[in-house]
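Student: Handing over my_file.txt, compact mmCIF, C-alpha atoms.
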```
# COMPACT_ATOMS: atom_id res chain seq x y z
CA MET F 1 -7.21 -11.84 -12.71
CA ASN F 2 -5.34 -13.70 -9.95
CA GLY F 3 -4.64 -12.06 -6.58
CA ILE F 4 -6.90 -10.25 -4.14
CA SER F 5 -10.54 -11.06 -4.88
CA HIS F 6 -11.86 -7.76 -3.59
CA ARG F 7 -9.93 -4.52 -3.90
CA ARG F 8 -10.84 -1.68 -1.59
CA LEU F 9 -11.12 1.91 -2.73
CA GLY F 10 -10.19 4.54 -0.17
CA VAL F 11 -11.51 7.95 -1.16
CA ASN F 12 -9.35 10.83 0.06
CA VAL F 13 -11.55 13.87 0.75
CA ASP F 14 -8.72 16.31 1.58
CA HIS F 15 -9.44 18.52 -1.40
CA VAL F 16 -13.04 19.00 -0.42
CA ALA F 17 -11.60 20.56 2.73
CA THR F 18 -9.13 22.52 0.57
CA LEU F 19 -12.07 24.24 -1.14
CA ARG F 20 -13.63 25.01 2.23
CA GLN F 21 -10.43 26.42 3.69
CA ALA F 22 -9.85 28.62 0.64
CA ARG F 23 -12.82 30.70 1.73
CA GLN F 24 -12.66 29.92 5.47
CA ALA F 25 -16.27 28.82 5.05
CA ARG F 26 -18.32 25.96 6.48
CA TYR F 27 -18.74 24.29 3.10
CA PRO F 28 -18.07 22.14 1.21
CA ASP F 29 -18.00 19.69 4.09
CA PRO F 30 -15.57 16.74 3.83
CA LEU F 31 -17.92 14.69 6.00
CA ALA F 32 -20.74 15.17 3.48
CA ALA F 33 -18.35 14.07 0.74
CA ALA F 34 -17.31 11.02 2.75
CA LEU F 35 -20.92 9.90 3.16
CA VAL F 36 -21.56 10.29 -0.57
CA ALA F 37 -18.41 8.28 -1.34
CA GLU F 38 -19.51 5.49 0.99
CA ARG F 39 -22.94 5.41 -0.59
CA ALA F 40 -21.28 5.03 -3.99
CA GLY F 41 -19.26 2.03 -2.79
CA ALA F 42 -16.03 3.30 -1.22
CA SER F 43 -14.65 0.95 1.41
CA GLN F 44 -12.62 3.56 3.25
CA ILE F 45 -12.34 7.29 3.77
CA THR F 46 -8.83 8.73 3.87
CA VAL F 47 -7.68 12.14 5.10
CA HIS F 48 -4.27 13.71 5.73
CA ILE F 49 -3.93 16.08 8.66
CA ARG F 50 -0.89 18.25 8.01
CA GLY F 51 1.12 20.38 10.36
CA ASP F 52 0.05 23.54 8.51
CA ARG F 53 -3.65 22.48 8.55
CA ARG F 54 -4.03 23.49 4.91
CA HIS F 55 -7.12 21.32 4.56
CA ILE F 56 -8.16 18.75 7.18
CA GLN F 57 -8.61 19.99 10.75
CA GLU F 58 -8.75 17.95 13.93
CA ARG F 59 -12.48 18.60 14.23
CA ASP F 60 -12.93 16.96 10.81
CA ILE F 61 -11.31 13.78 12.09
CA VAL F 62 -13.56 13.78 15.17
CA ARG F 63 -16.69 14.17 13.05
CA LEU F 64 -15.54 11.58 10.50
CA ALA F 65 -14.69 9.07 13.22
CA GLU F 66 -18.19 9.47 14.63
CA SER F 67 -19.99 9.19 11.29
CA VAL F 68 -18.04 7.09 8.77
CA GLN F 69 -19.67 3.68 8.36
CA THR F 70 -16.74 1.95 6.66
CA LEU F 71 -13.16 2.65 7.78
CA LEU F 72 -11.38 5.92 8.54
CA ASN F 73 -7.70 6.13 7.56
CA VAL F 74 -5.78 9.18 8.78
CA GLU F 75 -2.44 10.05 7.21
CA ALA F 76 -0.03 11.91 9.49
CA ALA F 77 3.65 12.60 10.12
CA THR F 78 5.58 11.08 13.01
CA THR F 79 5.53 14.17 15.22
CA SER F 80 4.51 14.53 18.86
CA GLU F 81 1.69 16.89 17.83
CA MET F 82 0.25 14.31 15.44
CA GLU F 83 0.66 11.51 17.96
CA GLU F 84 -1.46 13.44 20.47
CA ILE F 85 -4.17 14.04 17.86
CA LEU F 86 -4.20 10.42 16.72
CA LEU F 87 -4.43 9.08 20.26
CA ARG F 88 -7.28 11.50 21.02
CA THR F 89 -9.30 10.74 17.91
CA ARG F 90 -8.43 7.03 17.51
CA PRO F 91 -9.24 6.39 13.85
CA HIS F 92 -9.42 2.80 12.64
CA ARG F 93 -6.13 3.15 10.76
CA VAL F 94 -3.23 5.56 10.69
CA THR F 95 -0.85 5.75 7.74
CA LEU F 96 2.44 7.38 8.68
CA VAL F 97 3.87 9.58 5.95
CA ALA F 98 6.86 11.81 5.29
CA GLU F 99 6.01 15.49 5.45
CA ARG F 100 8.28 18.32 4.40
CA PRO F 101 7.68 22.05 5.02
CA GLY F 102 6.52 23.87 1.91
CA GLU F 103 5.74 20.83 -0.21
CA VAL F 104 2.66 21.08 -2.41
CA THR F 105 1.89 17.40 -1.93
CA THR F 106 3.72 14.46 -0.40
CA GLU F 107 7.04 14.26 -2.24
CA GLY F 108 8.23 10.80 -1.24
CA GLY F 109 7.78 7.83 1.01
CA LEU F 110 8.70 7.62 4.68
CA ASP F 111 12.38 6.66 5.03
CA VAL F 112 11.79 3.82 7.46
CA ALA F 113 15.21 2.27 6.86
CA SER F 114 17.04 5.28 8.30
CA GLN F 115 14.49 6.07 11.03
CA ALA F 116 13.70 2.56 12.20
CA ASP F 117 13.87 3.22 15.94
CA VAL F 118 11.72 6.37 15.81
CA VAL F 119 9.12 4.78 13.55
CA ALA F 120 9.01 1.55 15.57
CA ALA F 121 8.45 3.43 18.84
CA PHE F 122 5.71 5.57 17.26
CA CYS F 123 3.97 2.50 15.84
CA ALA F 124 4.19 0.67 19.15
CA ARG F 125 2.30 3.47 20.89
CA LEU F 126 -0.42 3.49 18.23
CA HIS F 127 -0.69 -0.29 18.37
CA ALA F 128 -1.05 -0.18 22.15
CA ALA F 129 -4.03 2.15 21.64
CA GLY F 130 -5.65 -0.37 19.29
CA ILE F 131 -4.97 1.60 16.09
CA HIS F 132 -4.03 -0.29 12.93
CA THR F 133 -0.89 1.22 11.43
CA ALA F 134 0.45 1.43 7.88
CA LEU F 135 3.59 3.05 6.49
CA PHE F 136 3.62 5.06 3.24
CA ILE F 137 6.90 4.07 1.57
CA ASP F 138 8.61 4.11 -1.79
CA PRO F 139 8.49 0.70 -3.53
CA ASP F 140 12.09 -0.20 -2.63
CA THR F 141 13.14 -3.52 -1.12
CA ALA F 142 15.09 -1.85 1.70
CA GLN F 143 12.06 0.20 2.74
CA VAL F 144 9.73 -2.78 2.53
CA ASP F 145 12.05 -4.91 4.66
CA ALA F 146 12.45 -2.12 7.23
CA SER F 147 8.66 -1.81 7.50
CA ALA F 148 8.22 -5.32 8.90
CA ILE F 149 8.14 -4.09 12.49
CA PRO F 150 5.77 -4.87 15.37
CA GLY F 151 2.55 -2.88 15.21
CA VAL F 152 2.62 -2.43 11.42
CA ASP F 153 0.24 -4.57 9.38
CA MET F 154 0.31 -2.75 6.03
CA VAL F 155 2.52 -0.75 3.71
CA GLU F 156 1.16 1.75 1.22
CA LEU F 157 3.37 1.96 -1.85
CA ASN F 158 4.04 5.40 -3.26
CA THR F 159 2.88 5.39 -6.88
CA ALA F 160 4.00 8.93 -7.74
CA ARG F 161 6.85 7.74 -9.95
CA TYR F 162 4.49 5.36 -11.76
CA ALA F 163 2.08 8.26 -12.33
CA GLU F 164 4.92 10.29 -13.84
CA GLU F 165 6.85 7.62 -15.78
CA GLY F 166 4.20 5.08 -16.69
CA GLY F 167 4.56 1.38 -17.35
CA ARG F 168 8.30 0.98 -16.72
CA GLU F 169 7.63 1.48 -13.00
CA LEU F 170 5.10 -1.35 -12.82
CA GLY F 171 7.74 -4.04 -12.33
CA ARG F 172 9.18 -2.30 -9.27
CA LEU F 173 5.72 -1.93 -7.74
CA ALA F 174 4.93 -5.59 -8.41
CA ARG F 175 8.20 -6.73 -6.82
CA ALA F 176 7.67 -4.54 -3.78
CA THR F 177 4.17 -5.93 -3.41
CA GLU F 178 5.39 -9.51 -3.55
CA ARG F 179 8.13 -8.78 -1.01
CA ALA F 180 5.71 -7.13 1.41
CA ARG F 181 3.25 -10.00 1.14
CA SER F 182 6.06 -12.48 1.83
CA LEU F 183 6.73 -10.59 5.07
CA GLY F 184 3.10 -10.83 6.12
CA LEU F 185 2.22 -7.23 5.30
CA ALA F 186 -0.93 -6.18 3.49
CA VAL F 187 -0.33 -3.80 0.59
CA ALA F 188 -2.05 -0.57 -0.41
CA ALA F 189 -1.09 1.93 -3.10
CA GLY F 190 -1.62 5.60 -3.69
CA HIS F 191 -0.42 8.94 -5.06
CA GLY F 192 -1.11 10.18 -8.55
CA LEU F 193 -3.51 7.39 -9.50
CA THR F 194 -6.13 8.29 -12.10
CA LEU F 195 -8.79 6.75 -14.32
CA HIS F 196 -6.05 6.38 -16.94
CA ASN F 197 -3.39 4.50 -14.96
CA LEU F 198 -5.24 2.60 -12.24
CA ARG F 199 -6.25 -0.50 -14.20
CA ALA F 200 -2.73 -1.27 -15.43
CA LEU F 201 -1.42 -1.25 -11.86
CA ALA F 202 -4.22 -3.50 -10.62
CA VAL F 203 -3.32 -6.00 -13.36
CA ALA F 204 0.45 -5.82 -12.83
CA ALA F 205 0.30 -6.12 -9.04
CA PRO F 206 -2.87 -8.07 -8.26
CA GLU F 207 -1.90 -8.56 -4.60
CA ILE F 208 -2.46 -4.86 -3.87
CA GLU F 209 -5.69 -4.87 -1.92
CA GLU F 210 -6.34 -1.18 -1.28
CA TYR F 211 -6.06 1.97 -3.37
CA ASN F 212 -6.23 5.44 -1.84
CA ILE F 213 -7.16 8.09 -4.40
CA GLY F 214 -7.89 11.73 -3.78
CA HIS F 215 -6.85 14.51 -6.14
CA ALA F 216 -7.84 12.87 -9.43
CA LEU F 217 -11.07 11.42 -8.07
CA ILE F 218 -12.22 14.73 -6.60
CA ALA F 219 -11.15 16.56 -9.78
CA ASP F 220 -13.18 14.12 -11.87
CA ALA F 221 -16.10 14.69 -9.53
CA VAL F 222 -16.20 18.36 -10.56
CA PHE F 223 -17.36 17.19 -14.00
CA LEU F 224 -18.95 13.81 -13.29
CA GLY F 225 -20.40 14.22 -9.81
CA LEU F 226 -18.88 12.48 -6.79
CA GLU F 227 -20.97 9.31 -6.86
CA THR F 228 -20.25 8.74 -10.54
CA SER F 229 -16.55 9.44 -10.04
CA VAL F 230 -16.28 6.91 -7.21
CA ARG F 231 -18.10 4.29 -9.29
CA ARG F 232 -15.80 4.85 -12.28
CA TYR F 233 -12.76 4.07 -10.12
CA LEU F 234 -14.46 1.04 -8.59
CA GLU F 235 -15.17 -0.34 -12.06
CA LEU F 236 -11.42 -0.35 -12.77
CA LEU F 237 -10.75 -2.40 -9.63
CA ALA F 238 -13.40 -5.04 -10.29
```
Can you present the structure in this file as structure tokens?
Tutor:
Amino acid sequence: MNGISHRRLGVNVDHVATLRQARQARYPDPLAAALVAERAGASQITVHIRGDRRHIQERDIVRLAESVQTLLNVEAATTSEMEEILLRTRPHRVTLVAERPGEVTTEGGLDVASQADVVAAFCARLHAAGIHTALFIDPDTAQVDASAIPGVDMVELNTARYAEEGGRELGRLARATERARSLGLAVAAGHGLTLHNLRALAVAAPEIEEYNIGHALIADAVFLGLETSVRRYLELLA
């Protein structure tokens, strides 16, 4: 397969924290899950700190930043509250996402094209603090082009529509990947990826170098165990 020679798997451990928060208990611990995922071969740990704190808390980010041996990627909205948290905790990477009140999960990509000034200013402040910044966007040319701003080195393409509609969305993802690469941006992908649809995307868009997977991987881990689940996903990216 042509393209990126080594694809990174980012394991999102949000739903380990979801289980913990459901009982307001101390376990299961997302940090423990992160260390297991790294041992199994994950190249990155991803978490999303939301305004409603439904799963990940700021203290989780602090502990993960201190303990993760690979990379820590924190997803967050472009709010002043999140900016303060990100500048305090200083993860390796921040991925800026759209966040809507009441949504069950992220419903769409960040509309960079219509919020260019706000996003650019936010990214500039993160960049000045030495934080790598990515933008979670829908795989549309206008959004890709708008994302080529100072301080941004990566876009993460929203694969929700691919997860819902299947193969007919692969062409759009491949074109968005090629466009982003032509602009000097690295490309990641995530949202709704599973053991059943991951390989086809890796083949169709071989320049995608990072995949962030959470819900399906953690759900599979309920039956397979976390180390086995991580390794199954890595096998599909080899």
Student: Quick one: distance from CA of Gly184 (chain F) to CA of Arg199 (chain F) in Å, one decimal?
Tutor: 24.6 Å
Student: Dump as CSV the rows for residues of region 18-38 of chain F within 9 Å of region 55-66 of chain F: closest atom pair and distance in Å with one decimal, all atoms listed in the file counted, ordered by chain and rising residue number.
Tutor:
```
residue,atom,partner,partner_atom,distance
F:Thr18,CA,F:His55,CA,4.6
F:Leu19,CA,F:His55,CA,8.1
F:Arg20,CA,F:His55,CA,7.8
F:Gln21,CA,F:His55,CA,6.1
F:Ala22,CA,F:His55,CA,8.7
F:Asp29,CA,F:Asp60,CA,8.8
F:Pro30,CA,F:Asp60,CA,7.5
F:Leu31,CA,F:Leu64,CA,6.0
F:Ala34,CA,F:Leu64,CA,8.0
```
Student: Would you mind telling me which residue in F:Gly41, F:Gly166, F:Gly151, F:Pro139 lies nearest to Glu178 (chain F) when using all atoms listed in the file?
Tutor: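 Distance minimum relative to Glu178 (chain F) lands on F:Pro139.
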Student: Using only C-alpha atoms, what table do you get, as a Markdown table, when you list each residue of region 131-198 of chain F with an atom no more than 6 Å from region 86-107 of chain F, its nearest pair of atoms, and their distance in Å rounded to one decimal, rows by chain then rising number?
Tutor:
```
| residue | atom | partner | partner_atom | distance |
| --- | --- | --- | --- | --- |
| F:Ile131 | CA | F:Arg93 | CA | 5.7 |
| F:His132 | CA | F:Arg93 | CA | 4.6 |
| F:Thr133 | CA | F:Val94 | CA | 5.0 |
| F:Ala134 | CA | F:Thr95 | CA | 4.5 |
| F:Leu135 | CA | F:Leu96 | CA | 5.0 |
| F:Phe136 | CA | F:Val97 | CA | 5.3 |
```
Student: With 8 Å as the threshold, what does the neighbourhood of (-10.1, 3.6, -12.3) contain in terms of residues, counting only C-alpha atoms? Coordinates are those of the file; answer as a compact mmCIF listing (two decimals) with C-alpha atoms, keeping the file's coordinate frame.
Tutor:
```
# COMPACT_ATOMS: atom_id res chain seq x y z
CA THR F 194 -6.13 8.29 -12.10
CA LEU F 195 -8.79 6.75 -14.32
CA HIS F 196 -6.05 6.38 -16.94
CA ASN F 197 -3.39 4.50 -14.96
CA LEU F 198 -5.24 2.60 -12.24
CA ARG F 199 -6.25 -0.50 -14.20
CA ARG F 232 -15.80 4.85 -12.28
CA TYR F 233 -12.76 4.07 -10.12
CA LEU F 234 -14.46 1.04 -8.59
CA GLU F 235 -15.17 -0.34 -12.06
CA LEU F 236 -11.42 -0.35 -12.77
CA LEU F 237 -10.75 -2.40 -9.63
```
Student: So which one's closest to Arg53 (chain F), F:Thr78, F:Glu83, F:Leu173, F:Ala17? Using all atoms listed in the file, please.
Tutor: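 Looking at the shortest contact to Arg53 (chain F), the residue is F:Ala17.
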Student: Any chance you could build region 87-117 of chain F out to N, CA and C atoms and write it as a JSON list (two decimals), in the coordinates of the input?
Tutor:
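Wrote it out as part-v4.json, contents follow:
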```json
[["chain", "number", "residue", "atom", "x", "y", "z"],
["F", 87, "LEU", "N", -4.02, 9.81, 19.06],
["F", 87, "LEU", "CA", -4.43, 9.08, 20.26],
["F", 87, "LEU", "C", -5.73, 9.64, 20.82],
["F", 88, "ARG", "N", -6.00, 10.92, 20.58],
["F", 88, "ARG", "CA", -7.28, 11.50, 21.02],
["F", 88, "ARG", "C", -8.43, 11.04, 20.14],
["F", 89, "THR", "N", -8.20, 11.02, 18.84],
["F", 89, "THR", "CA", -9.30, 10.74, 17.91],
["F", 89, "THR", "C", -9.46, 9.26, 17.59],
["F", 90, "ARG", "N", -8.40, 8.49, 17.68],
["F", 90, "ARG", "CA", -8.43, 7.03, 17.51],
["F", 90, "ARG", "C", -9.16, 6.56, 16.24],
["F", 91, "PRO", "N", -8.65, 6.93, 15.08],
["F", 91, "PRO", "CA", -9.24, 6.39, 13.85],
["F", 91, "PRO", "C", -8.95, 4.89, 13.74],
["F", 92, "HIS", "N", -9.65, 4.24, 12.82],
["F", 92, "HIS", "CA", -9.42, 2.80, 12.64],
["F", 92, "HIS", "C", -7.99, 2.54, 12.22],
["F", 93, "ARG", "N", -7.49, 3.34, 11.25],
["F", 93, "ARG", "CA", -6.13, 3.15, 10.76],
["F", 93, "ARG", "C", -5.41, 4.48, 10.67],
["F", 94, "VAL", "N", -4.11, 4.42, 10.92],
["F", 94, "VAL", "CA", -3.23, 5.56, 10.69],
["F", 94, "VAL", "C", -2.18, 5.13, 9.67],
["F", 95, "THR", "N", -1.94, 5.98, 8.69],
["F", 95, "THR", "CA", -0.85, 5.75, 7.74],
["F", 95, "THR", "C", 0.18, 6.84, 7.97],
["F", 96, "LEU", "N", 1.37, 6.43, 8.38],
["F", 96, "LEU", "CA", 2.44, 7.38, 8.68],
["F", 96, "LEU", "C", 3.15, 7.76, 7.39],
["F", 97, "VAL", "N", 3.33, 9.06, 7.19],
["F", 97, "VAL", "CA", 3.87, 9.58, 5.95],
["F", 97, "VAL", "C", 5.03, 10.54, 6.24],
["F", 98, "ALA", "N", 5.85, 10.76, 5.22],
["F", 98, "ALA", "CA", 6.86, 11.81, 5.29],
["F", 98, "ALA", "C", 6.18, 13.15, 4.99],
["F", 99, "GLU", "N", 6.60, 14.17, 5.67],
["F", 99, "GLU", "CA", 6.01, 15.49, 5.45],
["F", 99, "GLU", "C", 7.12, 16.53, 5.53],
["F", 100, "ARG", "N", 7.23, 17.32, 4.47],
["F", 100, "ARG", "CA", 8.28, 18.32, 4.40],
["F", 100, "ARG", "C", 7.67, 19.72, 4.31],
["F", 101, "PRO", "N", 8.22, 20.69, 5.06],
["F", 101, "PRO", "CA", 7.68, 22.05, 5.02],
["F", 101, "PRO", "C", 7.70, 22.60, 3.59],
["F", 102, "GLY", "N", 6.59, 23.21, 3.21],
["F", 102, "GLY", "CA", 6.52, 23.87, 1.91],
["F", 102, "GLY", "C", 6.17, 22.99, 0.74],
["F", 103, "GLU", "N", 6.07, 21.69, 0.92],
["F", 103, "GLU", "CA", 5.74, 20.83, -0.21],
["F", 103, "GLU", "C", 4.28, 21.03, -0.61],
["F", 104, "VAL", "N", 4.03, 20.93, -1.91],
["F", 104, "VAL", "CA", 2.66, 21.08, -2.41],
["F", 104, "VAL", "C", 1.86, 19.83, -2.09],
["F", 105, "THR", "N", 2.48, 18.68, -2.29],
["F", 105, "THR", "CA", 1.89, 17.40, -1.93],
["F", 105, "THR", "C", 3.02, 16.51, -1.45],
["F", 106, "THR", "N", 2.70, 15.35, -0.93],
["F", 106, "THR", "CA", 3.72, 14.46, -0.40],
["F", 106, "THR", "C", 4.73, 14.13, -1.49],
["F", 107, "GLU", "N", 6.01, 14.37, -1.21],
["F", 107, "GLU", "CA", 7.04, 14.26, -2.24],
["F", 107, "GLU", "C", 7.77, 12.92, -2.25],
["F", 108, "GLY", "N", 7.57, 12.10, -1.27],
["F", 108, "GLY", "CA", 8.23, 10.80, -1.24],
["F", 108, "GLY", "C", 7.76, 9.98, -0.07],
["F", 109, "GLY", "N", 8.18, 8.72, -0.06],
["F", 109, "GLY", "CA", 7.78, 7.83, 1.01],
["F", 109, "GLY", "C", 8.55, 8.10, 2.29],
["F", 110, "LEU", "N", 8.03, 7.55, 3.38],
["F", 110, "LEU", "CA", 8.70, 7.62, 4.68],
["F", 110, "LEU", "C", 9.99, 6.80, 4.61],
["F", 111, "ASP", "N", 11.10, 7.37, 5.05],
["F", 111, "ASP", "CA", 12.38, 6.66, 5.03],
["F", 111, "ASP", "C", 12.49, 5.82, 6.30],
["F", 112, "VAL", "N", 11.81, 4.69, 6.28],
["F", 112, "VAL", "CA", 11.79, 3.82, 7.46],
["F", 112, "VAL", "C", 13.17, 3.24, 7.74],
["F", 113, "ALA", "N", 13.91, 2.92, 6.69],
["F", 113, "ALA", "CA", 15.21, 2.27, 6.86],
["F", 113, "ALA", "C", 16.17, 3.10, 7.70],
["F", 114, "SER", "N", 16.12, 4.43, 7.55],
["F", 114, "SER", "CA", 17.04, 5.28, 8.30],
["F", 114, "SER", "C", 16.45, 5.83, 9.59],
["F", 115, "GLN", "N", 15.16, 5.57, 9.82],
["F", 115, "GLN", "CA", 14.49, 6.07, 11.03],
["F", 115, "GLN", "C", 13.80, 4.94, 11.78],
["F", 116, "ALA", "N", 14.38, 3.76, 11.70],
["F", 116, "ALA", "CA", 13.70, 2.56, 12.20],
["F", 116, "ALA", "C", 13.29, 2.67, 13.66],
["F", 117, "ASP", "N", 14.17, 3.16, 14.51],
["F", 117, "ASP", "CA", 13.87, 3.22, 15.94],
["F", 117, "ASP", "C", 12.72, 4.19, 16.23]]
```
